[in-house]
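Chemist: What follows is the file input35.pdb, containing PDB, C-alpha atoms:
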```
ATOM      1  CA  MET M   1       4.679 -24.207  -6.648
ATOM      2  CA  ILE M   2       7.367 -22.168  -8.375
ATOM      3  CA  ARG M   3       7.445 -20.288 -11.667
ATOM      4  CA  PHE M   4      10.548 -18.885 -13.338
ATOM      5  CA  PHE M   5      10.625 -16.842 -16.549
ATOM      6  CA  GLU M   6      13.018 -14.691 -18.533
ATOM      7  CA  ASP M   7      12.058 -11.449 -20.327
ATOM      8  CA  PHE M   8       8.747 -11.498 -18.456
ATOM      9  CA  SER M   9       6.035  -8.838 -18.900
ATOM     10  CA  LEU M  10       4.946  -7.202 -15.638
ATOM     11  CA  LYS M  11       1.805  -5.678 -17.138
ATOM     12  CA  ASN M  12      -0.459  -7.899 -15.024
ATOM     13  CA  TYR M  13       1.677  -7.368 -11.932
ATOM     14  CA  ASN M  14       1.245  -3.596 -11.550
ATOM     15  CA  THR M  15      -2.080  -1.807 -11.243
ATOM     16  CA  PHE M  16      -0.983   1.012 -13.566
ATOM     17  CA  GLY M  17      -0.915  -1.662 -16.275
ATOM     18  CA  ILE M  18       2.521  -0.576 -17.494
ATOM     19  CA  ASP M  19       3.940  -3.110 -19.962
ATOM     20  CA  ALA M  20       7.475  -3.123 -18.574
ATOM     21  CA  LYS M  21       9.514  -6.303 -18.656
ATOM     22  CA  ALA M  22      11.656  -8.036 -16.062
ATOM     23  CA  ARG M  23      14.846  -9.758 -17.138
ATOM     24  CA  PHE M  24      14.054 -12.574 -14.674
ATOM     25  CA  PHE M  25      10.852 -13.341 -12.758
ATOM     26  CA  PHE M  26      10.500 -15.865  -9.916
ATOM     27  CA  GLU M  27       7.255 -16.672  -8.091
ATOM     28  CA  PHE M  28       6.897 -19.031  -5.120
ATOM     29  CA  THR M  29       4.059 -20.266  -2.924
ATOM     30  CA  GLU M  30       6.137 -21.930  -0.179
ATOM     31  CA  LEU M  31       9.179 -20.534   1.610
ATOM     32  CA  ASP M  32      11.095 -23.792   1.043
ATOM     33  CA  ASP M  33      10.788 -23.220  -2.711
ATOM     34  CA  LEU M  34      12.422 -19.811  -2.334
ATOM     35  CA  THR M  35      15.385 -21.112  -0.353
ATOM     36  CA  GLU M  36      15.873 -23.989  -2.789
ATOM     37  CA  PHE M  37      15.836 -21.601  -5.759
ATOM     38  CA  LEU M  38      18.356 -19.240  -4.160
ATOM     39  CA  GLU M  39      20.695 -22.084  -3.205
ATOM     40  CA  GLN M  40      20.600 -23.613  -6.680
ATOM     41  CA  ASN M  41      20.890 -20.321  -8.575
ATOM     42  CA  THR M  42      23.680 -18.453  -6.813
ATOM     43  CA  SER M  43      24.032 -15.930  -9.661
ATOM     44  CA  TRP M  44      21.004 -14.068  -8.243
ATOM     45  CA  ARG M  45      23.408 -12.175  -5.973
ATOM     46  CA  GLU M  46      24.765 -10.371  -9.015
ATOM     47  CA  GLU M  47      21.334  -9.156 -10.113
ATOM     48  CA  GLN M  48      19.295  -6.105  -9.188
ATOM     49  CA  LEU M  49      16.390  -7.254  -7.027
ATOM     50  CA  LEU M  50      12.756  -6.198  -6.886
ATOM     51  CA  LEU M  51      10.420  -7.757  -4.323
ATOM     52  CA  LEU M  52       6.985  -7.458  -5.892
ATOM     53  CA  GLY M  53       3.612  -8.043  -4.258
ATOM     54  CA  GLY M  54       0.428  -6.940  -6.001
ATOM     55  CA  GLY M  55       2.123  -3.974  -7.678
ATOM     56  CA  SER M  56      -0.619  -1.647  -6.409
ATOM     57  CA  ASN M  57       1.878   0.930  -5.178
ATOM     58  CA  LEU M  58       4.394   0.815  -8.018
ATOM     59  CA  LEU M  59       5.263   2.917 -11.063
ATOM     60  CA  LEU M  60       7.561   1.129 -13.499
ATOM     61  CA  VAL M  61       9.305   3.862 -15.468
ATOM     62  CA  HIS M  62      11.485   1.446 -17.481
ATOM     63  CA  ASP M  63      12.069  -2.273 -17.984
ATOM     64  CA  PHE M  64      13.693  -3.929 -14.952
ATOM     65  CA  ASP M  65      17.119  -5.370 -15.734
ATOM     66  CA  GLY M  66      17.262  -7.768 -12.816
ATOM     67  CA  LEU M  67      15.402 -10.416 -10.813
ATOM     68  CA  VAL M  68      11.807  -9.907  -9.656
ATOM     69  CA  ILE M  69      10.806 -12.102  -6.708
ATOM     70  CA  HIS M  70       7.046 -12.451  -6.282
ATOM     71  CA  PRO M  71       5.888 -14.049  -2.971
ATOM     72  CA  ASN M  72       2.530 -15.699  -3.565
ATOM     73  CA  VAL M  73       2.165 -17.618  -0.296
ATOM     74  CA  PRO M  74      -1.522 -18.462   0.389
ATOM     75  CA  GLY M  75      -3.472 -19.268   3.524
ATOM     76  CA  VAL M  76      -5.250 -17.849   6.582
ATOM     77  CA  GLN M  77      -5.150 -19.668   9.911
ATOM     78  CA  VAL M  78      -5.933 -18.936  13.544
ATOM     79  CA  VAL M  79      -2.730 -19.369  15.572
ATOM     80  CA  ARG M  80      -3.933 -18.113  18.953
ATOM     81  CA  GLU M  81      -7.179 -17.045  20.590
ATOM     82  CA  THR M  82      -8.409 -15.509  23.838
ATOM     83  CA  ARG M  83     -11.813 -14.314  24.951
ATOM     84  CA  ASN M  84     -11.217 -10.826  23.527
ATOM     85  CA  GLN M  85      -8.694 -11.284  20.721
ATOM     86  CA  VAL M  86      -7.616 -13.587  17.923
ATOM     87  CA  TRP M  87      -4.272 -13.949  16.138
ATOM     88  CA  LEU M  88      -4.343 -14.831  12.432
ATOM     89  CA  GLU M  89      -1.336 -15.823  10.328
ATOM     90  CA  VAL M  90      -1.950 -14.806   6.725
ATOM     91  CA  GLY M  91       0.115 -15.686   3.647
ATOM     92  CA  ALA M  92       1.826 -12.802   1.850
ATOM     93  CA  GLY M  93       0.056 -13.649  -1.409
ATOM     94  CA  GLU M  94      -3.474 -13.297  -0.070
ATOM     95  CA  ASP M  95      -5.526 -10.460  -1.567
ATOM     96  CA  TRP M  96      -5.837  -7.712   1.042
ATOM     97  CA  ASP M  97      -9.495  -6.825   0.569
ATOM     98  CA  ARG M  98     -10.602 -10.464   0.467
ATOM     99  CA  PHE M  99      -8.806 -10.909   3.769
ATOM    100  CA  VAL M 100     -10.583  -7.892   5.302
ATOM    101  CA  ASP M 101     -13.909  -9.260   4.061
ATOM    102  CA  TYR M 102     -13.096 -12.632   5.649
ATOM    103  CA  CYS M 103     -12.269 -10.938   8.976
ATOM    104  CA  VAL M 104     -15.493  -8.931   9.141
ATOM    105  CA  LYS M 105     -17.625 -11.945   8.254
ATOM    106  CA  SER M 106     -15.752 -14.028  10.850
ATOM    107  CA  GLU M 107     -16.343 -11.297  13.472
ATOM    108  CA  PHE M 108     -12.634 -10.474  13.797
ATOM    109  CA  TYR M 109     -12.451  -6.701  13.965
ATOM    110  CA  GLY M 110     -10.060  -3.796  13.478
ATOM    111  CA  LEU M 111      -9.327  -3.789   9.756
ATOM    112  CA  GLU M 112     -12.743  -2.771   8.413
ATOM    113  CA  ASN M 113     -11.624   0.862   7.857
ATOM    114  CA  LEU M 114      -8.941  -0.517   5.516
ATOM    115  CA  SER M 115     -11.461  -2.079   3.125
ATOM    116  CA  LEU M 116     -10.956  -1.993  -0.645
ATOM    117  CA  ILE M 117      -7.274  -1.072  -0.484
ATOM    118  CA  PRO M 118      -5.697  -2.881  -3.457
ATOM    119  CA  GLY M 119      -2.677  -5.142  -3.075
ATOM    120  CA  THR M 120      -1.563  -8.170  -1.113
ATOM    121  CA  VAL M 121      -1.235  -8.935   2.585
ATOM    122  CA  GLY M 122       2.555  -9.109   2.272
ATOM    123  CA  ALA M 123       2.709  -5.510   1.072
ATOM    124  CA  ALA M 124       0.557  -4.155   3.925
ATOM    125  CA  PRO M 125       3.331  -3.901   6.571
ATOM    126  CA  VAL M 126       5.871  -2.631   4.025
ATOM    127  CA  GLN M 127       3.728   0.407   3.259
ATOM    128  CA  ASN M 128       2.006   0.522   6.662
ATOM    129  CA  ILE M 129      -1.221   0.993   4.750
ATOM    130  CA  GLY M 130      -3.791   3.292   6.281
ATOM    131  CA  ALA M 131      -7.193   4.840   5.633
ATOM    132  CA  TYR M 132     -10.000   6.568   7.512
ATOM    133  CA  GLY M 133      -8.053   7.057  10.715
ATOM    134  CA  VAL M 134      -6.611   3.520  10.948
ATOM    135  CA  GLU M 135      -3.117   2.214  10.194
ATOM    136  CA  VAL M 136      -2.368  -1.476   9.793
ATOM    137  CA  LYS M 137       0.548  -1.253  12.256
ATOM    138  CA  ASP M 138      -1.970  -1.135  15.114
ATOM    139  CA  TYR M 139      -3.119  -4.672  14.292
ATOM    140  CA  ILE M 140       0.144  -6.364  13.300
ATOM    141  CA  ASP M 141       1.722  -8.715  15.818
ATOM    142  CA  THR M 142       4.687 -10.047  13.830
ATOM    143  CA  VAL M 143       6.000 -10.123  10.266
ATOM    144  CA  ASN M 144       7.539 -13.406   9.086
ATOM    145  CA  GLY M 145       9.942 -13.797   6.213
ATOM    146  CA  PHE M 146      13.337 -14.574   4.734
ATOM    147  CA  ASP M 147      16.480 -12.424   4.907
ATOM    148  CA  LEU M 148      18.462 -12.526   1.672
ATOM    149  CA  GLU M 149      21.601 -11.223   3.367
ATOM    150  CA  THR M 150      21.783 -13.776   6.172
ATOM    151  CA  MET M 151      19.894 -16.483   4.212
ATOM    152  CA  THR M 152      17.730 -17.208   7.259
ATOM    153  CA  SER M 153      14.041 -17.150   8.099
ATOM    154  CA  TYR M 154      12.877 -15.196  11.145
ATOM    155  CA  SER M 155      10.040 -13.149  12.607
ATOM    156  CA  ILE M 156      10.071  -9.428  13.341
ATOM    157  CA  PRO M 157       7.802  -8.181  16.168
ATOM    158  CA  ALA M 158       5.687  -5.158  15.301
ATOM    159  CA  GLU M 159       7.592  -2.938  17.743
ATOM    160  CA  GLU M 160      10.800  -3.575  15.753
ATOM    161  CA  CYS M 161       9.272  -2.806  12.340
ATOM    162  CA  ARG M 162       9.781   0.968  12.772
ATOM    163  CA  PHE M 163       6.328   1.753  11.505
ATOM    164  CA  ALA M 164       5.621   5.361  10.589
ATOM    165  CA  TYR M 165       3.279   7.198   8.217
ATOM    166  CA  ARG M 166       3.331   5.038   5.044
ATOM    167  CA  ASN M 167       6.728   3.761   6.099
ATOM    168  CA  SER M 168       8.503   0.858   7.798
ATOM    169  CA  ILE M 169      11.842  -0.877   8.182
ATOM    170  CA  PHE M 170      10.963  -2.835   5.026
ATOM    171  CA  LYS M 171      11.156   0.339   2.922
ATOM    172  CA  ASN M 172      14.476   1.338   4.464
ATOM    173  CA  GLU M 173      17.095  -0.907   6.123
ATOM    174  CA  LEU M 174      15.466  -4.124   4.902
ATOM    175  CA  LYS M 175      14.408  -2.911   1.445
ATOM    176  CA  ASN M 176      14.930  -5.632  -1.191
ATOM    177  CA  ARG M 177      16.502  -7.746   1.536
ATOM    178  CA  PHE M 178      13.675  -9.136   3.686
ATOM    179  CA  ILE M 179      11.004 -11.094   1.797
ATOM    180  CA  VAL M 180       7.704 -11.140   3.697
ATOM    181  CA  SER M 181       6.187 -14.639   3.629
ATOM    182  CA  SER M 182       3.326 -14.130   6.118
ATOM    183  CA  VAL M 183       1.943 -11.635   8.613
ATOM    184  CA  VAL M 184       0.394 -12.334  12.008
ATOM    185  CA  PHE M 185      -2.472  -9.973  12.868
ATOM    186  CA  ARG M 186      -3.950  -9.430  16.339
ATOM    187  CA  LEU M 187      -7.630  -8.608  15.925
ATOM    188  CA  GLU M 188     -10.491  -7.851  18.295
ATOM    189  CA  LYS M 189     -13.598  -9.928  18.948
ATOM    190  CA  PHE M 190     -15.453  -6.890  20.249
ATOM    191  CA  PRO M 191     -15.428  -3.933  17.828
ATOM    192  CA  GLU M 192     -13.913  -0.555  18.629
ATOM    193  CA  PHE M 193     -15.247   1.918  16.090
ATOM    194  CA  LYS M 194     -13.159   4.709  14.563
ATOM    195  CA  LEU M 195     -15.510   6.927  12.594
ATOM    196  CA  ASP M 196     -14.112  10.435  13.012
ATOM    197  CA  TYR M 197     -12.384  10.659   9.629
ATOM    198  CA  GLY M 198     -14.159  12.602   6.885
ATOM    199  CA  SER M 199     -17.695  11.555   5.995
ATOM    200  CA  LEU M 200     -17.357   8.004   7.316
ATOM    201  CA  LYS M 201     -19.674   8.406  10.316
ATOM    202  CA  ALA M 202     -22.494   9.846   8.205
ATOM    203  CA  GLU M 203     -22.094   7.076   5.626
ATOM    204  CA  VAL M 204     -22.246   4.415   8.362
ATOM    205  CA  GLU M 205     -25.338   5.991   9.928
ATOM    206  CA  LYS M 206     -27.182   5.644   6.607
ATOM    207  CA  ARG M 207     -26.972   1.888   7.122
ATOM    208  CA  GLY M 208     -28.695   1.864  10.513
ATOM    209  CA  GLU M 209     -27.168  -0.253  13.257
ATOM    210  CA  LEU M 210     -23.543   0.510  14.186
ATOM    211  CA  HIS M 211     -21.765  -2.653  13.089
ATOM    212  CA  PRO M 212     -18.335  -3.412  11.558
ATOM    213  CA  LEU M 213     -20.047  -4.830   8.471
ATOM    214  CA  HIS M 214     -21.712  -1.456   7.933
ATOM    215  CA  VAL M 215     -18.357   0.285   8.453
ATOM    216  CA  ARG M 216     -16.859  -1.890   5.731
ATOM    217  CA  GLU M 217     -19.801  -1.213   3.419
ATOM    218  CA  ALA M 218     -19.485   2.525   4.050
ATOM    219  CA  VAL M 219     -15.738   2.567   3.366
ATOM    220  CA  VAL M 220     -16.241   0.581   0.161
ATOM    221  CA  ALA M 221     -18.982   2.965  -0.986
ATOM    222  CA  ILE M 222     -16.868   6.062  -0.290
ATOM    223  CA  ARG M 223     -13.786   4.648  -1.991
ATOM    224  CA  GLN M 224     -15.753   3.517  -5.028
ATOM    225  CA  SER M 225     -17.282   6.981  -5.374
ATOM    226  CA  LYS M 226     -13.872   8.666  -5.317
ATOM    227  CA  LEU M 227     -11.304   6.211  -6.616
ATOM    228  CA  PRO M 228     -11.171   4.363  -9.948
ATOM    229  CA  ASP M 229     -11.096   0.572 -10.039
ATOM    230  CA  PRO M 230      -7.584  -0.483 -11.183
ATOM    231  CA  MET M 231      -9.190  -3.329 -13.151
ATOM    232  CA  GLU M 232     -10.984  -0.718 -15.275
ATOM    233  CA  LEU M 233      -8.583   2.245 -15.224
ATOM    234  CA  GLY M 234      -4.889   1.840 -14.474
ATOM    235  CA  ASN M 235      -3.822   3.596 -11.277
ATOM    236  CA  ALA M 236      -1.931   3.086  -8.027
ATOM    237  CA  GLY M 237      -4.387   4.794  -5.703
ATOM    238  CA  SER M 238      -3.074   7.854  -3.906
ATOM    239  CA  PHE M 239       0.124   8.717  -5.742
ATOM    240  CA  PHE M 240       1.423  11.268  -3.221
ATOM    241  CA  LYS M 241       1.628  11.262   0.565
ATOM    242  CA  ASN M 242      -0.243  13.920   2.497
ATOM    243  CA  PRO M 243       2.580  16.332   3.382
ATOM    244  CA  VAL M 244       3.414  17.066   7.016
ATOM    245  CA  VAL M 245       4.657  20.645   7.505
ATOM    246  CA  ASP M 246       5.735  22.954  10.319
ATOM    247  CA  ALA M 247       2.921  24.726  12.155
ATOM    248  CA  GLU M 248       4.299  28.109  11.083
ATOM    249  CA  LEU M 249       3.932  27.296   7.381
ATOM    250  CA  ALA M 250       0.500  25.780   7.964
ATOM    251  CA  GLU M 251      -0.691  28.950   9.720
ATOM    252  CA  LYS M 252       0.574  31.099   6.871
ATOM    253  CA  LEU M 253      -1.154  28.944   4.289
ATOM    254  CA  LYS M 254      -4.357  28.904   6.350
ATOM    255  CA  ALA M 255      -4.343  32.694   6.389
ATOM    256  CA  ASP M 256      -3.990  32.782   2.606
ATOM    257  CA  TYR M 257      -6.352  29.862   1.972
ATOM    258  CA  PRO M 258      -8.961  29.656   4.788
ATOM    259  CA  GLY M 259     -10.636  26.633   3.197
ATOM    260  CA  MET M 260      -7.471  24.533   3.173
ATOM    261  CA  PRO M 261      -7.876  21.201   5.021
ATOM    262  CA  ALA M 262      -5.323  20.728   7.808
ATOM    263  CA  TYR M 263      -4.989  18.128  10.561
ATOM    264  CA  PRO M 264      -2.816  17.894  13.692
ATOM    265  CA  ALA M 265       0.216  15.633  13.317
ATOM    266  CA  GLU M 266       2.982  14.426  15.618
ATOM    267  CA  ASP M 267       5.533  16.785  17.184
ATOM    268  CA  GLY M 268       3.277  19.805  16.796
ATOM    269  CA  LYS M 269       3.316  19.614  13.024
ATOM    270  CA  VAL M 270       0.359  19.784  10.646
ATOM    271  CA  LYS M 271      -0.738  17.355   7.937
ATOM    272  CA  LEU M 272      -2.102  18.892   4.740
ATOM    273  CA  ALA M 273      -4.284  17.265   2.092
ATOM    274  CA  ALA M 274      -2.150  16.590  -0.970
ATOM    275  CA  GLY M 275      -5.226  16.150  -3.147
ATOM    276  CA  TRP M 276      -6.497  19.615  -2.242
ATOM    277  CA  LEU M 277      -3.138  21.219  -3.008
ATOM    278  CA  ILE M 278      -2.962  19.475  -6.391
ATOM    279  CA  GLU M 279      -6.536  20.434  -7.243
ATOM    280  CA  GLN M 280      -5.874  24.081  -6.444
ATOM    281  CA  CYS M 281      -3.060  23.978  -9.014
ATOM    282  CA  GLY M 282      -5.565  22.963 -11.678
ATOM    283  CA  TRP M 283      -4.523  19.342 -12.216
ATOM    284  CA  LYS M 284      -7.789  17.582 -11.399
ATOM    285  CA  GLY M 285      -9.102  15.940 -14.567
ATOM    286  CA  PHE M 286      -5.964  16.813 -16.556
ATOM    287  CA  ARG M 287      -5.103  14.487 -19.427
ATOM    288  CA  GLU M 288      -2.262  14.442 -21.910
ATOM    289  CA  GLY M 289      -2.313  11.442 -24.204
ATOM    290  CA  ASP M 290      -3.139   8.458 -22.003
ATOM    291  CA  ALA M 291      -1.494   9.885 -18.853
ATOM    292  CA  GLY M 292      -3.729  11.916 -16.594
ATOM    293  CA  VAL M 293      -5.148  12.901 -13.217
ATOM    294  CA  HIS M 294      -8.454  11.381 -12.184
ATOM    295  CA  GLU M 295     -11.503  13.574 -12.720
ATOM    296  CA  HIS M 296     -12.888  12.928  -9.221
ATOM    297  CA  GLN M 297      -9.697  12.704  -7.149
ATOM    298  CA  ALA M 298      -6.649  14.853  -7.860
ATOM    299  CA  LEU M 299      -4.447  12.579  -5.762
ATOM    300  CA  VAL M 300      -4.791   9.733  -8.269
ATOM    301  CA  LEU M 301      -2.710   9.525 -11.444
ATOM    302  CA  VAL M 302      -4.258   7.305 -14.117
ATOM    303  CA  ASN M 303      -3.284   5.390 -17.220
ATOM    304  CA  TYR M 304      -6.111   5.720 -19.739
ATOM    305  CA  GLY M 305      -4.736   2.870 -21.818
ATOM    306  CA  SER M 306      -1.240   2.955 -23.218
ATOM    307  CA  ALA M 307       0.603   5.567 -21.158
ATOM    308  CA  THR M 308       4.244   4.718 -20.502
ATOM    309  CA  GLY M 309       5.831   4.781 -17.084
ATOM    310  CA  GLU M 310       8.012   7.668 -18.250
ATOM    311  CA  GLU M 311       4.938   9.740 -19.218
ATOM    312  CA  LEU M 312       3.317   9.194 -15.828
ATOM    313  CA  PHE M 313       6.589   9.966 -14.049
ATOM    314  CA  GLN M 314       7.002  13.253 -15.935
ATOM    315  CA  LEU M 315       3.400  14.196 -15.098
ATOM    316  CA  ALA M 316       4.077  13.516 -11.419
ATOM    317  CA  GLU M 317       7.179  15.735 -11.564
ATOM    318  CA  ARG M 318       5.195  18.594 -13.106
ATOM    319  CA  ILE M 319       2.558  18.291 -10.380
ATOM    320  CA  LYS M 320       5.235  18.359  -7.664
ATOM    321  CA  SER M 321       6.822  21.478  -9.154
ATOM    322  CA  SER M 322       3.542  23.371  -9.412
ATOM    323  CA  VAL M 323       2.584  22.615  -5.790
ATOM    324  CA  ALA M 324       6.047  23.639  -4.578
ATOM    325  CA  ASP M 325       5.911  26.879  -6.573
ATOM    326  CA  ARG M 326       2.452  27.883  -5.330
ATOM    327  CA  PHE M 327       2.428  26.632  -1.741
ATOM    328  CA  GLY M 328       6.082  26.083  -0.834
ATOM    329  CA  VAL M 329       5.211  22.462  -0.010
ATOM    330  CA  GLU M 330       7.242  19.517  -1.299
ATOM    331  CA  LEU M 331       5.122  16.520  -2.248
ATOM    332  CA  GLU M 332       6.599  13.073  -1.712
ATOM    333  CA  PRO M 333       5.382  10.119  -3.784
ATOM    334  CA  GLU M 334       3.524   7.428  -1.893
ATOM    335  CA  ALA M 335       4.025   5.139  -4.871
ATOM    336  CA  ASN M 336       7.348   3.354  -5.286
ATOM    337  CA  ILE M 337       8.921   4.730  -8.473
ATOM    338  CA  LEU M 338      11.281   2.293 -10.140
TER     339      LEU M 338
END
```
Re-express the file's structure as structure tokens.

Modeler:
Amino acid sequence: MIRFFEDFSLKNYNTFGIDAKARFFFEFTELDDLTEFLEQNTSWREEQLLLLGGGSNLLLVHDFDGLVIHPNVPGVQVVRETRNQVWLEVGAGEDWDRFVDYCVKSEFYGLENLSLIPGTVGAAPVQNIGAYGVEVKDYIDTVNGFDLETMTSYSIPAEECRFAYRNSIFKNELKNRFIVSSVVFRLEKFPEFKLDYGSLKAEVEKRGELHPLHVREAVVAIRQSKLPDPMELGNAGSFFKNPVVDAELAEKLKADYPGMPAYPAEDGKVKLAAGWLIEQCGWKGFREGDAGVHEHQALVLVNYGSATGEELFQLAERIKSSVADRFGVELEPEANIL
């Protein structure tokens, strides 16, 4: 199935609920439909491109004067299986949390810590989504898709995706070039629990037996207690990345702020909690018009109804400046600002 529109509202295609418009919008459910569209409409090469999944990590500051391509490929199928592991190929248009729920109920394990993350399966490798000590890169086997530059379909093994903290080759060299059509995940039949992050272990223990289903339930409960539902209050989840700083700066800040959360990172560096830094600057619960910061989680910017993308962008800039002025730490948006 394909859908093509002009002057198309993206309000239902971004979780902030920003009513920005796309000059052109194309949605496909089969890769053949995409190639046929591109071959028959060669003028697309002259347009700005935006590859859009669930829009759960996107802030639209203005209307988009170009072509939005929305992969909505469905399906989940087992493509390989051994005694200990299973490989699942999943369409880019599948809802991420429904897929995690399917895995846990099917006794395919590894993704339960990533429960209730909004968005689609196709966006998961782009962002290298992560939560509660788990990153999706550890369970991706290959990413399948279509290259707009070479006009060919091919698969990229996980080791060539250049996964890093909330980053990948799809946000860099292949940005707006490689359209993810499906992802192959390698999951475990015997669970390996990762419960060391935050209050997760205590929340799981409340549910009795140590089981992946209880891990999923615990993650869902924690996220629901801290994060607003995008269906009820427009937001894109964590708006900023947790900053990684040199150990010297972290030690100095720890001396000044003994209660500051800090975690070891790669190369001897230290990861700080962006939400804590923002809260210390007094932004938690802030509201100006319909643009604000969530009352329970300072890391989440929210649209209370009719905030514009520009208003939310300016709020984010003010937050960045205040954190830099007080702590000497530069915050980097996790959300894609367009």

Chemist: Quick check, in Å to one decimal: how far apart do atom CA of Leu111 of chain M and atom CA of Leu31 of chain M lie?

Modeler: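 Atom CA of Leu31 of chain M lies 26.3 Å from atom CA of Leu111 of chain M.
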
Chemist: Need the neighbours of (-1.8, 13.5, 2.5): which residues are at most 12 Å away, counting only C-alpha atoms, as a PyMOL selection string?

Modeler: chain M and resi 130-132+165-166+238-245+261-263+265+270-278+298-300+329-334

Chemist: Taking (16.5, -6.5, -10.3) in the file's coordinates as the center, which residues reach within 9 Å of it, counting all atoms listed in the file, put as a list in words?

Modeler: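 Residues lying no farther than 9 Å from the given point: Ala22, Arg23, Phe24, Glu47, Gln48, Leu49, Leu50, Leu51, Phe64, Asp65, Gly66, Leu67, Val68 and Ile69 of chain M.
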
Chemist: Smallest atom-to-atom distance to Ile179 of chain M: which of M:Glu6, M:Glu27, M:Asp95, M:Asp138, using all atoms listed in the file?

Modeler: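 Smallest distance to Ile179 of chain M is found for M:Glu27.
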
Chemist: Which distance in Å separates atom CA of Arg318 of chain M and atom CA of Pro264 of chain M, to one decimal?

Modeler: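 Atom CA of Pro264 of chain M lies at a distance of 28.0 Å from atom CA of Arg318 of chain M.
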
Chemist: Closest to Val73 of chain M among M:Leu148, M:Ala316, M:Val90, M:Ala164, using all atoms listed in the file?

Modeler: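 Under the stated criterion, the closest residue is M:Val90.
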
Chemist: List the residues selected by the PyMOL selection byres ((chain M and resi 215-220) around 12) in the file shown, writing them as a ChimeraX atom specification.

Modeler: /M:97-98,100-105,109-118,131-134,191-214,221-229

Chemist: By how many Å are atom CA of Gln77 of chain M and atom CA of Glu89 of chain M apart?

Modeler: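 Spanning atom CA of Gln77 of chain M to atom CA of Glu89 of chain M is a straight-line distance of 5.4 Å.
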
Chemist: I'd like to know which of M:Leu301, M:Ala335, M:Ala247, M:Ala20 is closest to Ile319 of chain M, using all atoms listed in the file.

Modeler: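 Of M:Leu301, M:Ala335, M:Ala247, M:Ala20, the one nearest Ile319 of chain M, counting all atoms listed in the file, is M:Leu301.
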
Chemist: For Phe163 of chain M, find every residue with an atom within 12 Å (counting all atoms listed in the file), except residues of its own chain fewer than 2 positions away, and show them as a short mmCIF file (atom, residue, chain, number, x, y, z; two decimals) with C-alpha atoms, in the coordinates of the input.

Modeler:
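around_23.cif, freshly written:
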```
data_model
loop_
_atom_site.label_atom_id
_atom_site.label_comp_id
_atom_site.auth_asym_id
_atom_site.auth_seq_id
_atom_site.Cartn_x
_atom_site.Cartn_y
_atom_site.Cartn_z
CA ALA M 124 0.56 -4.16 3.92
CA PRO M 125 3.33 -3.90 6.57
CA VAL M 126 5.87 -2.63 4.03
CA GLN M 127 3.73 0.41 3.26
CA ASN M 128 2.01 0.52 6.66
CA ILE M 129 -1.22 0.99 4.75
CA GLY M 130 -3.79 3.29 6.28
CA GLU M 135 -3.12 2.21 10.19
CA VAL M 136 -2.37 -1.48 9.79
CA LYS M 137 0.55 -1.25 12.26
CA ASP M 138 -1.97 -1.14 15.11
CA TYR M 139 -3.12 -4.67 14.29
CA ILE M 140 0.14 -6.36 13.30
CA VAL M 143 6.00 -10.12 10.27
CA ILE M 156 10.07 -9.43 13.34
CA PRO M 157 7.80 -8.18 16.17
CA ALA M 158 5.69 -5.16 15.30
CA GLU M 159 7.59 -2.94 17.74
CA GLU M 160 10.80 -3.58 15.75
CA CYS M 161 9.27 -2.81 12.34
CA TYR M 165 3.28 7.20 8.22
CA ARG M 166 3.33 5.04 5.04
CA ASN M 167 6.73 3.76 6.10
CA SER M 168 8.50 0.86 7.80
CA ILE M 169 11.84 -0.88 8.18
CA PHE M 170 10.96 -2.84 5.03
CA LYS M 171 11.16 0.34 2.92
CA ASN M 172 14.48 1.34 4.46
#
```

Chemist: From the list M:Val121, M:Leu253, M:Ala324, M:Leu10, which residue is nearest Ser181 of chain M when using all atoms listed in the file?

Modeler: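 Among the listed residues, M:Val121 lies closest to Ser181 of chain M.
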
Chemist: Of the candidates M:Ile2, M:Leu38, M:Leu187, M:Cys281, which shows the shortest atom-to-atom distance to Gln85 of chain M, using all atoms listed in the file?

Modeler: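 Closest to Gln85 of chain M of all the choices is M:Leu187.
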
Chemist: How big is the axis-aligned box, and where does its centre sit, when it encloses all atoms of segment 182-194 of chain M listed in the file and has 6 Å added on every side, reported in Å to one decimal as AutoDock Vina command-line options?

Modeler:
```
--center_x -6.1 --center_y -4.7 --center_z 13.2 --size_x 30.8 --size_y 30.8 --size_z 26.1
```

Chemist: Find the residues around Glu311 of chain M up to 12 Å (only C-alpha atoms counted), leave out those fewer than 3 positions away in its own chain, and share them as a list in words.

Modeler: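 Result of the neighbour search: Phe16, Ile18, Leu59, Leu60, Val61, His62, Arg287, Glu288, Gly289, Asp290, Ala291, Gly292, Leu301, Val302, Asn303, Tyr304, Ser306, Ala307, Thr308, Gln314, Leu315, Ala316, Glu317 and Arg318 of chain M.
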
Chemist: Would you mind listing what lies within 8 Å of Asn144 of chain M as a list in words, with only C-alpha atoms counted and same-chain residues fewer than 3 positions away left out?

Modeler: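 My list of contacting residues is Ser153, Tyr154, Ser155, Ile156, Val180, Ser181, Ser182, Val183 and Val184 of chain M.
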
Chemist: Residues near Asn12 of chain M, anyone? I mean within 12 Å using all atoms listed in the file, not counting same-chain ones fewer than 4 positions away, as a ChimeraX atom specification.

Modeler: /M:8,16-21,52-56,230-231,234

Chemist: Restricting the calculation to only C-alpha atoms: of M:Lys189, M:Leu174, M:Gly119, M:Ile337, which residue gets closest to Tyr13 of chain M?

Modeler: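 Looking only at the distances to Tyr13 of chain M, the closest residue turns out to be M:Gly119.
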